[in-house]
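Enquirer: Just one file: upload_28.txt, with compact mmCIF, C-alpha atoms.
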# COMPACT_ATOMS: atom_id res chain seq x y z
CA MET Q 203 -3.57 -18.50 5.94
CA VAL Q 204 -4.62 -18.41 2.28
CA LYS Q 205 -4.54 -15.30 0.14
CA GLU Q 206 -8.16 -15.73 -1.01
CA THR Q 207 -11.01 -18.26 -0.68
CA LYS Q 208 -12.85 -17.61 -3.95
CA LEU Q 209 -12.35 -21.11 -5.41
CA TYR Q 210 -13.10 -22.79 -2.09
CA ASP Q 211 -16.33 -20.80 -1.84
CA GLN Q 212 -17.40 -22.01 -5.28
CA LEU Q 213 -17.28 -25.61 -3.99
CA ASN Q 214 -18.67 -24.65 -0.57
CA ILE Q 215 -15.66 -26.05 1.28
CA LYS Q 216 -13.08 -24.71 3.73
CA PRO Q 217 -9.49 -23.88 2.71
CA ASP Q 218 -8.19 -26.83 4.76
CA ALA Q 219 -10.42 -29.33 2.91
CA THR Q 220 -8.87 -32.70 2.04
CA GLN Q 221 -8.70 -34.03 -1.53
CA ASP Q 222 -11.57 -36.42 -0.78
CA GLU Q 223 -13.69 -33.52 0.46
CA ILE Q 224 -12.83 -31.52 -2.67
CA LYS Q 225 -13.85 -34.43 -4.91
CA LYS Q 226 -17.15 -34.97 -3.08
CA ALA Q 227 -17.95 -31.27 -3.18
CA TYR Q 228 -17.22 -31.08 -6.91
CA ARG Q 229 -19.28 -34.15 -7.67
CA LYS Q 230 -22.28 -32.68 -5.87
CA ALA Q 231 -21.93 -29.26 -7.50
CA ALA Q 232 -21.31 -30.64 -11.01
CA LEU Q 233 -24.39 -32.84 -10.88
CA LYS Q 234 -26.49 -29.98 -9.55
CA TRP Q 235 -25.44 -27.45 -12.21
CA HIS Q 236 -24.69 -29.62 -15.25
CA PRO Q 237 -26.27 -27.91 -18.33
CA ASP Q 238 -27.96 -31.12 -19.46
CA LYS Q 239 -29.97 -31.12 -16.23
CA ASN Q 240 -30.77 -27.40 -16.38
CA LYS Q 241 -31.85 -26.65 -19.93
CA ASP Q 242 -34.31 -24.03 -18.68
CA ASN Q 243 -31.75 -22.32 -16.44
CA PRO Q 244 -29.12 -20.35 -18.44
CA ALA Q 245 -27.23 -19.48 -15.24
CA ALA Q 246 -26.49 -23.16 -14.60
CA SER Q 247 -23.87 -23.28 -17.37
CA GLU Q 248 -21.85 -20.54 -15.63
CA LYS Q 249 -22.21 -22.29 -12.26
CA PHE Q 250 -21.02 -25.56 -13.81
CA LYS Q 251 -18.04 -23.81 -15.36
CA GLU Q 252 -17.12 -22.10 -12.08
CA CYS Q 253 -17.17 -25.27 -9.99
CA SER Q 254 -15.24 -27.21 -12.68
CA GLN Q 255 -12.55 -24.53 -12.89
CA ALA Q 256 -12.29 -24.42 -9.11
CA TYR Q 257 -11.87 -28.20 -9.02
CA GLU Q 258 -9.21 -28.13 -11.75
CA ILE Q 259 -6.99 -25.93 -9.61
CA LEU Q 260 -7.76 -27.27 -6.14
CA SER Q 261 -7.35 -30.91 -7.17
CA ASP Q 262 -3.78 -30.23 -8.32
CA PRO Q 263 -1.51 -29.91 -5.22
CA GLU Q 264 1.01 -27.64 -6.96
CA LYS Q 265 -1.60 -25.31 -8.44
CA ARG Q 266 -3.48 -25.28 -5.14
CA LYS Q 267 -0.30 -24.33 -3.26
CA THR Q 268 0.38 -21.45 -5.65
CA TYR Q 269 -3.25 -20.32 -5.43
CA ASP Q 270 -3.25 -20.44 -1.63
CA GLN Q 271 -0.05 -18.35 -1.46
CA PHE Q 272 -0.53 -15.81 -4.23
CA GLY Q 273 -4.14 -15.92 -5.48
CA LEU Q 274 -5.87 -16.76 -8.73
CA GLU Q 275 -4.63 -13.84 -10.83
CA PHE Q 276 -1.00 -14.72 -10.13
CA LEU Q 277 -1.64 -18.36 -11.06
CA LEU Q 278 -3.41 -17.47 -14.29
CA ARG Q 279 -0.60 -15.11 -15.23
CA GLY Q 280 1.91 -17.91 -14.80
CA GLY Q 281 4.21 -15.95 -12.52
CA ALA Q 282 6.82 -17.85 -10.57
CA ALA Q 283 6.79 -17.71 -6.80
CA PRO Q 284 8.87 -14.63 -5.71
CA PRO Q 285 11.60 -14.70 -3.11
CA PRO Q 286 10.37 -14.63 0.51
CA GLY Q 287 9.07 -11.24 1.51
CA GLU Q 288 8.78 -9.89 -2.05
CA ASN Q 289 5.43 -8.70 -3.35
CA PRO Q 290 4.61 -10.89 -6.40
CA PHE Q 291 2.64 -7.99 -7.93
CA ALA Q 292 5.26 -5.32 -7.26
CA GLY Q 293 6.19 -4.90 -10.92
CA ALA Q 294 2.75 -3.72 -12.02
CA GLN Q 295 1.02 -0.38 -11.66
CA GLY Q 296 -1.64 -0.29 -9.01
CA GLY Q 297 -0.53 -3.59 -7.55
CA MET Q 298 -1.71 -5.68 -10.53
CA PRO Q 299 0.63 -8.22 -12.15
CA GLY Q 300 2.60 -6.94 -15.12
CA GLY Q 301 0.97 -7.67 -18.47
CA PHE Q 302 -2.54 -7.70 -17.02
CA GLN Q 303 -3.76 -4.70 -18.99
CA GLY Q 304 -5.95 -6.95 -21.13
CA PHE Q 305 -7.31 -9.09 -18.32
CA ASP Q 306 -11.12 -9.13 -18.34
CA PHE Q 307 -12.93 -10.02 -15.14
CA GLY Q 308 -16.34 -10.18 -16.84
CA GLY Q 309 -17.85 -7.07 -15.32
CA GLY Q 310 -15.39 -5.68 -12.81
CA MET Q 311 -12.72 -6.94 -10.47
CA PRO Q 312 -12.76 -10.51 -9.06
CA GLY Q 313 -15.96 -11.34 -7.26
CA GLY Q 314 -18.10 -10.48 -10.28
CA ALA Q 315 -18.88 -12.93 -13.05
CA ARG Q 316 -15.55 -14.82 -12.55
CA THR Q 317 -14.95 -15.25 -16.27
CA TYR Q 318 -11.29 -15.03 -17.23
CA HIS Q 319 -9.93 -14.04 -20.64
CA PHE Q 320 -6.39 -13.03 -21.63
CA THR Q 321 -5.43 -10.58 -24.37
CA THR Q 322 -1.78 -10.11 -23.39
CA GLY Q 323 1.45 -12.01 -23.57
CA GLY Q 324 3.11 -10.11 -20.78
CA GLY Q 325 2.69 -12.74 -18.10
CA GLY Q 326 5.06 -15.36 -16.72
CA PRO Q 327 6.64 -18.23 -18.61
CA ASN Q 328 3.80 -20.70 -17.94
CA PRO Q 329 0.42 -18.96 -17.92
CA PHE Q 330 -2.44 -21.22 -16.87
CA ASN Q 331 -5.51 -21.66 -19.08
CA PHE Q 332 -8.62 -23.42 -17.85
CA SER Q 333 -9.69 -26.60 -19.62
CA ASN Q 334 -13.15 -27.13 -21.11
CA PRO Q 335 -15.50 -27.78 -18.15
CA GLU Q 336 -16.95 -30.84 -19.91
CA ASN Q 337 -13.42 -32.24 -20.26
CA ILE Q 338 -12.70 -31.54 -16.61
CA PHE Q 339 -15.83 -33.46 -15.66
CA ALA Q 340 -15.05 -36.35 -18.02
CA GLU Q 341 -11.52 -36.68 -16.60
CA PHE Q 342 -12.97 -36.55 -13.09
CA MET Q 343 -15.26 -39.44 -14.00
CA ARG Q 344 -12.36 -41.44 -15.42
CA SER Q 345 -10.25 -41.01 -12.32
CA SER Q 346 -13.13 -41.80 -9.95
CA GLY Q 347 -14.58 -44.69 -11.93
CA GLY Q 348 -17.84 -42.82 -12.47
CA GLY Q 349 -18.70 -42.59 -8.78
CA PHE Q 350 -17.37 -43.18 -5.28
CA GLY Q 351 -19.88 -45.66 -3.94
CA GLY Q 352 -19.75 -43.60 -0.75
CA ASP Q 353 -22.51 -41.83 1.07
CA ASP Q 354 -26.01 -43.12 0.40
CA ASP Q 355 -27.30 -39.59 -0.10
CA GLU Q 356 -24.80 -38.89 -2.88
CA PRO Q 357 -25.87 -39.71 -6.44
CA ASP Q 358 -23.95 -42.13 -8.64
CA ILE Q 359 -22.43 -40.16 -11.51
CA SER Q 360 -22.38 -43.14 -13.84
CA SER Q 361 -26.14 -43.51 -13.51
CA PHE Q 362 -26.60 -39.84 -14.48
CA PHE Q 363 -24.87 -40.45 -17.80
CA GLY Q 364 -26.10 -44.01 -18.41
CA THR Q 365 -22.52 -45.28 -18.58
CA ARG Q 366 -20.36 -48.25 -17.83
CA GLY Q 367 -17.04 -47.41 -16.32
CA GLY Q 368 -17.96 -43.80 -15.65
CA MET Q 369 -17.35 -42.31 -19.10
CA PRO Q 370 -20.08 -40.26 -20.80
CA ARG Q 371 -21.93 -42.35 -23.34
CA SER Q 372 -21.69 -41.21 -26.92
CA SER Q 373 -24.56 -41.78 -29.26
CA GLY Q 374 -24.25 -43.29 -32.67
CA GLY Q 375 -25.40 -41.08 -35.51
CA ARG Q 376 -25.74 -37.32 -35.41
CA THR Q 377 -24.50 -34.99 -32.72
CA ARG Q 378 -25.74 -31.53 -31.93
CA MET Q 379 -24.41 -28.39 -30.31
CA ARG Q 380 -26.32 -26.73 -27.51
CA ASN Q 381 -27.65 -23.26 -28.39
CA PHE Q 382 -26.84 -20.38 -26.03
CA PRO Q 383 -28.19 -16.84 -25.87
CA GLY Q 384 -26.54 -14.58 -28.42
CA GLY Q 385 -24.76 -17.53 -29.99
CA ALA Q 386 -22.06 -17.46 -27.29
CA ASP Q 387 -20.73 -20.64 -25.72
CA PRO Q 388 -20.44 -20.20 -21.93
CA PHE Q 389 -17.34 -22.40 -22.05
CA SER Q 390 -15.65 -20.24 -24.68
CA SER Q 391 -12.64 -19.58 -22.43
CA SER Q 392 -11.42 -23.03 -23.47
CA GLY Q 393 -12.51 -22.89 -27.11
CA PRO Q 394 -15.68 -24.30 -28.66
CA ARG Q 395 -17.62 -26.74 -26.56
CA GLU Q 396 -17.56 -30.34 -27.72
CA PRO Q 397 -20.78 -31.57 -29.37
CA THR Q 398 -23.37 -32.93 -26.98
CA PRO Q 399 -24.60 -36.39 -27.99
CA ASP Q 400 -28.20 -36.79 -29.03
CA VAL Q 401 -30.38 -38.38 -26.39
CA THR Q 402 -30.93 -42.07 -26.86
CA THR Q 403 -34.24 -43.58 -27.89
CA VAL Q 404 -35.74 -46.53 -26.04
CA GLU Q 405 -38.02 -48.83 -28.02
CA ARG Q 406 -40.69 -50.90 -26.32
CA ALA Q 407 -42.92 -53.51 -27.92
CA LEU Q 408 -46.68 -52.91 -27.74
CA PRO Q 409 -48.56 -56.16 -28.52
CA LEU Q 410 -52.14 -55.61 -29.72
CA SER Q 411 -54.93 -57.91 -30.85
CA LEU Q 412 -56.45 -57.59 -34.32
CA GLU Q 413 -59.69 -56.48 -32.69
CA GLU Q 414 -57.88 -53.59 -30.96
CA LEU Q 415 -56.18 -52.61 -34.20
CA TYR Q 416 -59.51 -52.84 -36.03
CA SER Q 417 -61.52 -50.61 -33.71
CA GLY Q 418 -58.78 -48.42 -32.24
CA VAL Q 419 -58.11 -48.18 -28.52
CA THR Q 420 -56.26 -46.17 -25.87
CA LYS Q 421 -53.77 -48.28 -23.93
CA LYS Q 422 -52.46 -47.23 -20.54
CA MET Q 423 -48.78 -48.09 -20.18
CA LYS Q 424 -46.94 -47.78 -16.87
CA ILE Q 425 -43.26 -46.87 -17.12
CA LYS Q 426 -40.46 -46.22 -14.63
CA ARG Q 427 -38.12 -43.31 -15.23
CA LYS Q 428 -34.87 -42.37 -13.49
CA SER Q 429 -33.96 -38.74 -12.92
CA PHE Q 430 -32.18 -36.46 -10.45
CA ASP Q 431 -33.82 -34.00 -8.10
CA GLU Q 432 -32.57 -30.49 -7.37
CA THR Q 433 -30.02 -31.85 -4.86
CA GLY Q 434 -28.55 -34.26 -7.42
CA LYS Q 435 -30.03 -37.35 -5.75
CA ARG Q 436 -31.11 -40.17 -8.03
CA THR Q 437 -34.82 -40.93 -7.96
CA THR Q 438 -37.15 -43.38 -9.71
CA THR Q 439 -40.72 -42.42 -10.42
CA ASP Q 440 -43.70 -44.18 -12.01
CA GLN Q 441 -45.62 -42.61 -14.85
CA VAL Q 442 -48.70 -43.80 -16.73
CA LEU Q 443 -48.82 -42.94 -20.42
CA GLU Q 444 -52.03 -43.04 -22.42
CA VAL Q 445 -51.10 -44.46 -25.81
CA PRO Q 446 -53.70 -43.81 -28.55
CA ILE Q 447 -54.01 -46.63 -31.08
CA LYS Q 448 -55.51 -45.46 -34.35
CA ALA Q 449 -57.87 -47.84 -36.14
CA GLY Q 450 -56.05 -49.69 -38.90
CA LEU Q 451 -52.55 -49.15 -37.50
CA LYS Q 452 -50.11 -51.76 -38.83
CA LYS Q 453 -47.41 -53.76 -37.08
CA GLY Q 454 -44.10 -51.93 -37.00
CA SER Q 455 -45.80 -48.55 -36.57
CA LYS Q 456 -44.14 -46.29 -34.00
CA ILE Q 457 -45.89 -44.16 -31.40
CA LYS Q 458 -43.34 -41.62 -30.17
CA TYR Q 459 -43.00 -39.82 -26.85
CA LYS Q 460 -40.26 -37.21 -26.42
CA GLY Q 461 -38.37 -36.74 -23.17
CA VAL Q 462 -40.30 -39.22 -20.99
CA GLY Q 463 -37.48 -41.69 -20.35
CA ASP Q 464 -34.44 -41.75 -18.07
CA GLN Q 465 -32.29 -38.67 -17.63
CA GLU Q 466 -28.91 -38.99 -19.33
CA GLU Q 467 -26.11 -36.83 -20.76
CA GLY Q 468 -27.99 -35.40 -23.74
CA GLY Q 469 -31.23 -34.85 -21.83
CA LYS Q 470 -34.17 -37.18 -21.24
CA GLN Q 471 -34.60 -40.31 -23.29
CA ASP Q 472 -37.28 -40.56 -25.94
CA LEU Q 473 -39.62 -43.54 -25.84
CA HIS Q 474 -41.02 -45.25 -28.93
CA PHE Q 475 -43.75 -47.89 -28.71
CA ILE Q 476 -43.51 -50.39 -31.58
CA VAL Q 477 -46.84 -51.95 -32.57
CA GLU Q 478 -46.89 -55.75 -32.67
CA GLU Q 479 -49.81 -57.95 -33.73
CA LYS Q 480 -50.83 -60.80 -31.52
CA PRO Q 481 -51.52 -64.09 -33.35
CA HIS Q 482 -55.24 -64.54 -34.07
CA PRO Q 483 -57.02 -67.91 -34.08
CA LEU Q 484 -59.13 -67.10 -37.18
CA TYR Q 485 -57.43 -64.43 -39.28
CA VAL Q 486 -54.06 -63.59 -40.75
CA ARG Q 487 -53.47 -59.96 -41.67
CA ASP Q 488 -51.89 -59.00 -44.99
CA GLY Q 489 -51.68 -55.20 -45.18
CA ASP Q 490 -55.27 -54.00 -44.97
CA ASP Q 491 -56.67 -57.43 -45.92
CA LEU Q 492 -57.72 -60.24 -43.60
CA ILE Q 493 -57.33 -63.87 -44.65
CA HIS Q 494 -59.37 -66.75 -43.28
CA THR Q 495 -58.72 -70.35 -44.28
CA ILE Q 496 -61.42 -73.04 -44.46
CA ASP Q 497 -60.33 -76.68 -44.30
CA LEU Q 498 -62.33 -79.08 -46.49
CA ASP Q 499 -62.05 -82.83 -46.71
CA LEU Q 500 -61.94 -84.36 -50.16
CA LYS Q 501 -65.56 -85.45 -50.08
CA GLU Q 502 -66.74 -81.90 -49.27
CA ALA Q 503 -64.49 -80.39 -51.88
CA LEU Q 504 -65.92 -82.74 -54.54
CA THR Q 505 -69.57 -82.84 -53.58
CA GLY Q 506 -70.26 -79.48 -51.90
CA TRP Q 507 -70.28 -77.88 -48.49
CA LYS Q 508 -71.52 -74.92 -46.48
CA ARG Q 509 -70.06 -72.85 -43.62
CA THR Q 510 -70.92 -69.80 -41.49
CA ILE Q 511 -67.96 -67.44 -41.12
CA THR Q 512 -67.66 -64.52 -38.68
CA THR Q 513 -65.88 -61.36 -39.85
CA ILE Q 514 -63.64 -59.12 -37.70
CA ASP Q 515 -66.57 -56.77 -36.99
CA GLY Q 516 -68.90 -59.62 -35.96
CA LYS Q 517 -70.91 -60.06 -39.17
CA GLN Q 518 -72.01 -63.56 -40.23
CA LEU Q 519 -71.25 -64.82 -43.75
CA ASN Q 520 -73.15 -67.90 -44.89
CA ILE Q 521 -71.09 -69.56 -47.59
CA GLU Q 522 -72.32 -72.55 -49.58
CA LYS Q 523 -70.73 -74.25 -52.59
CA GLY Q 524 -72.09 -77.17 -54.56
CA GLY Q 525 -68.59 -78.31 -55.48
CA PRO Q 526 -66.13 -79.06 -56.62
CA THR Q 527 -63.86 -76.63 -54.76
CA GLY Q 528 -60.27 -76.65 -55.97
CA PRO Q 529 -57.41 -76.71 -53.45
CA GLY Q 530 -55.70 -73.30 -53.06
CA THR Q 531 -58.62 -71.37 -54.53
CA SER Q 532 -60.11 -68.36 -52.74
CA ASP Q 533 -62.99 -65.89 -52.69
CA THR Q 534 -62.68 -62.16 -51.94
CA TYR Q 535 -65.23 -60.04 -50.08
CA PRO Q 536 -64.39 -56.32 -50.53
CA GLY Q 537 -64.74 -53.87 -47.65
CA LEU Q 538 -64.78 -56.47 -44.87
CA GLY Q 539 -61.10 -56.35 -43.92
CA MET Q 540 -59.11 -53.93 -41.73
CA PRO Q 541 -59.67 -50.17 -41.76
CA VAL Q 542 -57.24 -48.17 -43.89
CA SER Q 543 -55.49 -45.99 -41.29
CA LYS Q 544 -55.09 -42.96 -43.57
CA LYS Q 545 -58.59 -43.38 -45.05
CA PRO Q 546 -60.90 -44.11 -42.10
CA ASN Q 547 -63.95 -44.68 -44.31
CA GLU Q 548 -62.26 -47.43 -46.32
CA ARG Q 549 -61.53 -51.04 -45.47
CA GLY Q 550 -59.47 -53.77 -47.01
CA ASN Q 551 -60.73 -57.12 -48.28
CA PHE Q 552 -61.81 -60.26 -46.46
CA ILE Q 553 -60.28 -63.22 -48.30
CA ILE Q 554 -61.36 -66.80 -47.75
CA LYS Q 555 -58.95 -69.47 -48.87
CA TYR Q 556 -59.78 -73.16 -49.26
CA ASN Q 557 -57.51 -75.93 -48.09
CA VAL Q 558 -58.50 -79.39 -49.29
CA LYS Q 559 -57.35 -82.27 -47.12
CA PHE Q 560 -56.56 -85.39 -49.12
CA PRO Q 561 -56.76 -88.84 -47.54
CA THR Q 562 -53.43 -90.31 -46.58
CA SER Q 563 -54.40 -93.79 -47.85
CA LEU Q 564 -57.08 -95.55 -49.96
CA THR Q 565 -58.10 -99.16 -50.17
CA ALA Q 566 -58.09 -100.97 -53.49
CA ALA Q 567 -61.90 -100.96 -53.53
CA GLN Q 568 -62.01 -97.18 -52.92
CA LYS Q 569 -59.53 -96.57 -55.70
CA GLN Q 570 -61.63 -98.69 -58.07
CA LYS Q 571 -64.79 -96.80 -57.24
CA LEU Q 572 -63.08 -93.46 -57.75
CA LYS Q 573 -61.83 -94.62 -61.12
CA GLU Q 574 -65.31 -95.61 -62.10
CA ILE Q 575 -66.80 -92.29 -60.92
CA LEU Q 576 -64.13 -89.97 -62.24
As structure tokens, please, write out the structure in this file.

Expert:
Amino acid sequence: MVKETKLYDQLNIKPDATQDEIKKAYRKAALKWHPDKNKDNPAASEKFKECSQAYEILSDPEKRKTYDQFGLEFLLRGGAAPPPGENPFAGAQGGMPGGFQGFDFGGGMPGGARTYHFTTGGGGPNPFNFSNPENIFAEFMRSSGGGFGGDDDEPDISSFFGTRGGMPRSSGGRTRMRNFPGGADPFSSSGPREPTPDVTTVERALPLSLEELYSGVTKKMKIKRKSFDETGKRTTTDQVLEVPIKAGLKKGSKIKYKGVGDQEEGGKQDLHFIVEEKPHPLYVRDGDDLIHTIDLDLKEALTGWKRTITTIDGKQLNIEKGGPTGPGTSDTYPGLGMPVSKKPNERGNFIIKYNVKFPTSLTAAQKQKLKEIL
């Protein structure tokens, strides 16, 4: 017969629960009420704290034994177990343990908000203070390897935090503290809460043709995202994102989506699409300019040639030169290149370069004729 069942009730288990049952119950409750999964539910932080504090006591056989015999207040006070038959609270007025004048139950006697704070040193030699709920959960993950691999309907904790080995993943760079109403940390009974890592950012390449980057387009991208439902079960869902590509966008540009990726410790991952340019058979892009290269044999370069060139927007350029055309020379046609993304009414240049192909060998007669001509 236990003195009270308050902590067992918080984990929804019976007082005769085994350690495995306590662990499974805590895992389910912690995943359900973790603040990173319930940013729009302020009450979840208190629920998470309650189940973590219950687990901290019930998972320790000695603390659990003391709790079962004498109750939570006696354990928190640090009172030693009294001789058989003696009332452990006999030394205090009204049946409360001595030194409990400053004990705050968060809105009344136990059964209310279940928030415990001490303002007295009149307790026993070893008063018990709850650990930070996040630390309790992290230690739980260490000891369990991040999950139990048990029932199929139970979520894998390591997948919730995107970890290897069950430890919460920390993010490189900045960290941030979660904001709570009134500036109060719901875990303040154990001191300030540790910083919550920023969510990670996933980058995904988005290859586009020059024609798509010239005219602008909306691409539909299908992604898979992992999250947890209200029962804590891991789920995978498909989502189609419409990605707008602005005319003139350059390679390396990022198109950012916030909170559309997998669920992890800091929240939901951000997704960045990185623009890549597909190789084009006719043009090479240089900033806002487009470059096209014409190959000429030596005879054409010396005596003249003509070509019809198509621009990126489908216009035909008839180019004719009477020669000679020097190797490495070029001509520039303004306003026929790529759109300038920040100035939609402007375009870059269309540059035509000339590559002269020299013969790999000449006969003696050919050399003589060239000497006579040149």

Enquirer: Could you work out how far atom CA of Lys426 of chain Q lies from atom CA of Leu451 of chain Q, giving the answer in Å with one decimal?

Expert: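 A separation of 26.0 Å between them.
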
Enquirer: Any idea what's packed within 9 Å of segment 515-517 of chain Q, counting all atoms listed in the file, ignoring anything in its chain fewer than 5 positions away? Could you give it as an MDAnalysis selection string?

Expert: chainID Q and resid 413 416:417 538:539

Enquirer: With distances taken over all atoms listed in the file, which of Q:Pro536, Q:Gly463, Q:Pro481, Q:Gly434 is nearest to Ala231 of chain Q?

Expert: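 Comparing Q:Pro536, Q:Gly463, Q:Pro481, Q:Gly434 against Ala231 of chain Q, the winner is Q:Gly434.
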
Enquirer: May I ask which of the residues Q:Lys480, Q:Lys453, Q:Lys230, Q:Lys239 is the closest one to Leu410 of chain Q, counting all atoms listed in the file?

Expert: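 Using all atoms listed in the file, Leu410 of chain Q sits closest to Q:Lys480.
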
Enquirer: Need the shell around Thr439 of chain Q: protein/DNA/RNA residues with any atom at most 9 Å away, counting all atoms listed in the file. Skip same-chain ones fewer than 2 positions apart. Format as a PyMOL selection string?

Expert: chain Q and resi 425-429+437+441
